[in-house]
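Text of upload-v2.pdb, listed as PDB, C-alpha atoms:
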ATOM      1  CA  MET A   1     -59.291 -62.001  19.909
ATOM      2  CA  LYS A   2     -55.641 -62.833  19.842
ATOM      3  CA  THR A   3     -55.508 -62.947  16.030
ATOM      4  CA  GLU A   4     -57.358 -59.636  15.837
ATOM      5  CA  LEU A   5     -54.703 -58.018  18.072
ATOM      6  CA  GLN A   6     -51.897 -59.521  16.007
ATOM      7  CA  ALA A   7     -53.494 -58.248  12.820
ATOM      8  CA  LYS A   8     -53.778 -54.711  14.224
ATOM      9  CA  PHE A   9     -50.168 -54.824  15.414
ATOM     10  CA  LEU A  10     -48.931 -56.030  12.009
ATOM     11  CA  HIS A  11     -51.041 -53.369  10.286
ATOM     12  CA  HIS A  12     -49.518 -50.731  12.579
ATOM     13  CA  LEU A  13     -45.954 -51.906  11.810
ATOM     14  CA  LEU A  14     -46.546 -51.960   8.071
ATOM     15  CA  SER A  15     -48.235 -48.585   7.967
ATOM     16  CA  LYS A  16     -45.512 -46.897  10.009
ATOM     17  CA  LYS A  17     -43.983 -44.098   7.911
ATOM     18  CA  LYS A  18     -40.317 -43.915   7.050
ATOM     19  CA  GLY A  19     -40.353 -40.188   7.948
ATOM     20  CA  ASP A  20     -39.293 -41.015  11.503
ATOM     21  CA  GLU A  21     -35.743 -41.828  10.375
ATOM     22  CA  GLY A  22     -32.893 -39.269  10.264
ATOM     23  CA  PHE A  23     -31.265 -36.683  12.497
ATOM     24  CA  THR A  24     -33.036 -34.161  14.633
ATOM     25  CA  LEU A  25     -32.430 -30.446  14.269
ATOM     26  CA  ILE A  26     -30.620 -30.303  17.613
ATOM     27  CA  GLU A  27     -28.209 -33.055  16.580
ATOM     28  CA  LEU A  28     -27.390 -31.211  13.366
ATOM     29  CA  LEU A  29     -26.871 -27.929  15.226
ATOM     30  CA  VAL A  30     -24.489 -29.587  17.687
ATOM     31  CA  VAL A  31     -22.419 -31.005  14.804
ATOM     32  CA  ILE A  32     -22.292 -27.604  13.071
ATOM     33  CA  ILE A  33     -21.190 -25.903  16.297
ATOM     34  CA  ILE A  34     -18.426 -28.486  16.833
ATOM     35  CA  ILE A  35     -17.190 -28.012  13.262
ATOM     36  CA  GLY A  36     -17.209 -24.228  13.754
ATOM     37  CA  ILE A  37     -15.148 -24.492  16.940
ATOM     38  CA  LEU A  38     -12.595 -26.755  15.238
ATOM     39  CA  ALA A  39     -12.352 -24.375  12.271
ATOM     40  CA  ALA A  40     -11.863 -21.393  14.598
ATOM     41  CA  ILE A  41      -8.953 -23.204  16.242
ATOM     42  CA  ALA A  42      -7.322 -24.480  13.030
ATOM     43  CA  LEU A  43      -7.606 -21.412  10.768
ATOM     44  CA  PRO A  44      -5.203 -19.073  12.651
ATOM     45  CA  SER A  45      -2.640 -21.865  12.859
ATOM     46  CA  PHE A  46      -2.923 -22.479   9.122
ATOM     47  CA  LEU A  47      -2.537 -18.779   8.302
ATOM     48  CA  ASN A  48       0.515 -18.532  10.556
ATOM     49  CA  GLN A  49       2.144 -21.472   8.761
ATOM     50  CA  ALA A  50       1.400 -19.882   5.378
ATOM     51  CA  ASN A  51       3.116 -16.642   6.459
ATOM     52  CA  LYS A  52       6.127 -18.607   7.702
ATOM     53  CA  ALA A  53       6.391 -20.273   4.287
ATOM     54  CA  ARG A  54       6.275 -16.896   2.516
ATOM     55  CA  GLU A  55       8.967 -15.514   4.827
ATOM     56  CA  SER A  56      11.076 -18.609   4.246
ATOM     57  CA  GLU A  57      10.878 -17.939   0.500
ATOM     58  CA  ALA A  58      12.118 -14.381   1.061
ATOM     59  CA  LYS A  59      14.993 -15.512   3.283
ATOM     60  CA  THR A  60      16.044 -18.099   0.697
ATOM     61  CA  TYR A  61      15.954 -15.562  -2.133
ATOM     62  CA  VAL A  62      17.890 -12.951  -0.136
ATOM     63  CA  GLY A  63      20.498 -15.605   0.698
ATOM     64  CA  SER A  64      20.776 -16.496  -2.988
ATOM     65  CA  MET A  65      21.150 -12.824  -3.862
ATOM     66  CA  ASN A  66      23.915 -12.500  -1.259
ATOM     67  CA  ARG A  67      25.803 -15.473  -2.697
ATOM     68  CA  GLY A  68      25.297 -14.091  -6.202
ATOM     69  CA  GLN A  69      26.681 -10.723  -5.104
ATOM     70  CA  GLN A  70      29.714 -12.422  -3.567
ATOM     71  CA  ALA A  71      30.416 -14.360  -6.776
ATOM     72  CA  TYR A  72      29.844 -11.283  -8.954
ATOM     73  CA  TYR A  73      32.200  -9.216  -6.795
ATOM     74  CA  LEU A  74      34.923 -11.860  -7.081
ATOM     75  CA  GLU A  75      34.618 -11.859 -10.883
ATOM     76  CA  ASP A  76      33.963  -8.160 -11.591
ATOM     77  CA  GLY A  77      35.297  -6.262  -8.582
ATOM     78  CA  SER A  78      31.948  -4.516  -7.972
ATOM     79  CA  PHE A  79      28.434  -5.376  -6.914
ATOM     80  CA  GLY A  80      25.785  -5.968  -9.566
ATOM     81  CA  THR A  81      22.054  -5.621 -10.015
ATOM     82  CA  LEU A  82      19.674  -8.555  -9.836
ATOM     83  CA  ALA A  83      19.802  -8.933 -13.627
ATOM     84  CA  GLN A  84      23.597  -8.722 -13.693
ATOM     85  CA  ILE A  85      24.249 -11.373 -11.049
ATOM     86  CA  GLY A  86      22.050 -13.753 -13.079
ATOM     87  CA  ILE A  87      20.715 -16.098 -10.429
ATOM     88  CA  GLY A  88      17.212 -16.511 -11.869
ATOM     89  CA  ILE A  89      15.216 -14.868  -9.084
ATOM     90  CA  PRO A  90      12.105 -12.945 -10.189
ATOM     91  CA  THR A  91      11.953  -9.252  -9.358
ATOM     92  CA  SER A  92       8.654  -9.785  -7.551
ATOM     93  CA  THR A  93       6.376 -12.549  -6.303
ATOM     94  CA  GLY A  94       2.916 -12.401  -4.779
ATOM     95  CA  TYR A  95       4.155 -11.058  -1.442
ATOM     96  CA  TYR A  96       7.654  -9.649  -2.025
ATOM     97  CA  LYS A  97       9.583  -7.365  -4.337
ATOM     98  CA  TYR A  98      13.281  -8.231  -4.697
ATOM     99  CA  ASP A  99      16.000  -5.681  -5.451
ATOM    100  CA  THR A 100      19.801  -5.352  -5.439
ATOM    101  CA  THR A 101      20.173  -1.877  -6.929
ATOM    102  CA  THR A 102      21.858  -0.404  -3.859
ATOM    103  CA  GLY A 103      25.190  -2.190  -4.264
ATOM    104  CA  ALA A 104      25.932  -4.706  -1.537
ATOM    105  CA  LEU A 105      22.403  -4.532  -0.083
ATOM    106  CA  SER A 106      19.810  -7.061  -1.247
ATOM    107  CA  THR A 107      16.214  -6.448  -0.194
ATOM    108  CA  ALA A 108      12.959  -8.373  -0.038
ATOM    109  CA  ALA A 109      10.309  -5.709   0.533
ATOM    110  CA  LYS A 110       6.824  -6.938   1.367
ATOM    111  CA  THR A 111       4.069  -5.971  -1.032
ATOM    112  CA  LYS A 112       1.069  -7.259   0.972
ATOM    113  CA  GLY A 113       0.043  -9.527   3.796
ATOM    114  CA  ALA A 114       1.273 -10.072   7.324
ATOM    115  CA  VAL A 115       4.857 -10.837   6.333
ATOM    116  CA  ARG A 116       8.098  -9.105   7.329
ATOM    117  CA  ASP A 117      10.718  -7.312   5.238
ATOM    118  CA  PHE A 118      14.138  -8.938   4.852
ATOM    119  CA  SER A 119      17.465  -7.657   3.632
ATOM    120  CA  GLY A 120      20.937  -8.998   3.158
ATOM    121  CA  ILE A 121      24.298  -7.290   3.020
ATOM    122  CA  VAL A 122      27.616  -8.416   1.613
ATOM    123  CA  THR A 123      30.832  -6.940   2.981
ATOM    124  CA  VAL A 124      34.316  -7.399   1.597
ATOM    125  CA  ALA A 125      37.352  -6.818   3.796
ATOM    126  CA  SER A 126      40.925  -7.845   2.993
ATOM    127  CA  GLY A 127      39.897 -10.325   0.316
ATOM    128  CA  THR A 128      37.226 -12.067   2.424
ATOM    129  CA  SER A 129      33.544 -11.560   1.798
ATOM    130  CA  THR A 130      30.828 -12.107   4.381
ATOM    131  CA  ALA A 131      27.074 -12.102   3.949
ATOM    132  CA  LYS A 132      24.354 -11.396   6.490
ATOM    133  CA  ILE A 133      20.542 -11.640   6.368
ATOM    134  CA  CYS A 134      18.489  -9.270   8.535
ATOM    135  CA  GLU A 135      14.796  -8.968   9.330
ATOM    136  CA  ASN A 136      14.524  -5.457   7.895
ATOM    137  CA  THR A 137      16.673  -2.935   6.079
ATOM    138  CA  LEU A 138      17.057  -0.599   9.051
ATOM    139  CA  THR A 139      18.807  -3.120  11.306
ATOM    140  CA  CYS A 140      21.085  -4.554   8.605
ATOM    141  CA  SER A 141      24.542  -3.036   8.825
TER
END
Would you mind writing the file out in structure tokens?
Amino acid sequence: MKTELQAKFLHHLLSKKKGDEGFTLIELLVVIIIIGILAAIALPSFLNQANKARESEAKTYVGSMNRGQQAYYLEDGSFGTLAQIGIGIPTSTGYYKYDTTTGALSTAAKTKGAVRDFSGIVTVASGTSTAKICENTLTCS
């Protein structure tokens, strides 16, 4: 009788299907929910950092335009356009449009997205030039 029981047990082990392996539906749902929560936390932070990088580009370009205006004024005695000051900045990028057509005022106007406008102004008084970068054109004076 003992050998008959062993034979049935061995037959049961060998005939056991491999379909019992794997993850259950509940386990998979829990993992998907955890991934969704992590994505919901990380995505706004990532978008905020991307906007900061775009704004940093605008501030850098406005600063370069200010320095270009200062150099152009020292050489020519007047303020020039973006093409005249020749600093190699494009007139527009994906998020900003750059302009210096209003004399001493350099602007970075947003074209789309959740970014801010920036402007810079160059002033010349008694042979000394100063440059300033502002968050928008209205507050820059």
Open item on the list: Applying 12 Å and only C-alpha atoms, which residues near A:Pro90 remain after dropping the ones on its own chain fewer than 4 positions away? List them as a count of residues only.
Closed with: 17
Open item on the list: What's the separation between atom CA of A:Ser92 and atom CA of A:Ser129, in Å to one decimal place?
Closed with: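 Interatomic distance, atom CA of A:Ser92 to atom CA of A:Ser129: 26.6 Å.
Separating atom CA of A:Ser78 from atom CA of A:Cys134 is a distance of 21.8 Å.
With atom CA of A:Asn136 on one side and atom CA of A:Thr107 on the other, the separation reads 8.3 Å.
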Around the point (19.9, -16.6, 1.0) in the file's coordinates, collect all residues with an atom within 12 Å, using all atoms listed in the file, and return them as a tab-separated table (two decimals) with C-alpha atoms, in the frame of the given file.
chain	number	residue	atom	x	y	z
A	55	GLU	CA	8.97	-15.51	4.83
A	56	SER	CA	11.08	-18.61	4.25
A	57	GLU	CA	10.88	-17.94	0.50
A	58	ALA	CA	12.12	-14.38	1.06
A	59	LYS	CA	14.99	-15.51	3.28
A	60	THR	CA	16.04	-18.10	0.70
A	61	TYR	CA	15.95	-15.56	-2.13
A	62	VAL	CA	17.89	-12.95	-0.14
A	63	GLY	CA	20.50	-15.60	0.70
A	64	SER	CA	20.78	-16.50	-2.99
A	65	MET	CA	21.15	-12.82	-3.86
A	66	ASN	CA	23.92	-12.50	-1.26
A	67	ARG	CA	25.80	-15.47	-2.70
A	68	GLY	CA	25.30	-14.09	-6.20
A	69	GLN	CA	26.68	-10.72	-5.10
A	70	GLN	CA	29.71	-12.42	-3.57
A	87	ILE	CA	20.72	-16.10	-10.43
A	89	ILE	CA	15.22	-14.87	-9.08
A	106	SER	CA	19.81	-7.06	-1.25
A	107	THR	CA	16.21	-6.45	-0.19
A	108	ALA	CA	12.96	-8.37	-0.04
A	118	PHE	CA	14.14	-8.94	4.85
A	119	SER	CA	17.46	-7.66	3.63
A	120	GLY	CA	20.94	-9.00	3.16
A	121	ILE	CA	24.30	-7.29	3.02
A	122	VAL	CA	27.62	-8.42	1.61
A	131	ALA	CA	27.07	-12.10	3.95
A	132	LYS	CA	24.35	-11.40	6.49
A	133	ILE	CA	20.54	-11.64	6.37
A	134	CYS	CA	18.49	-9.27	8.54
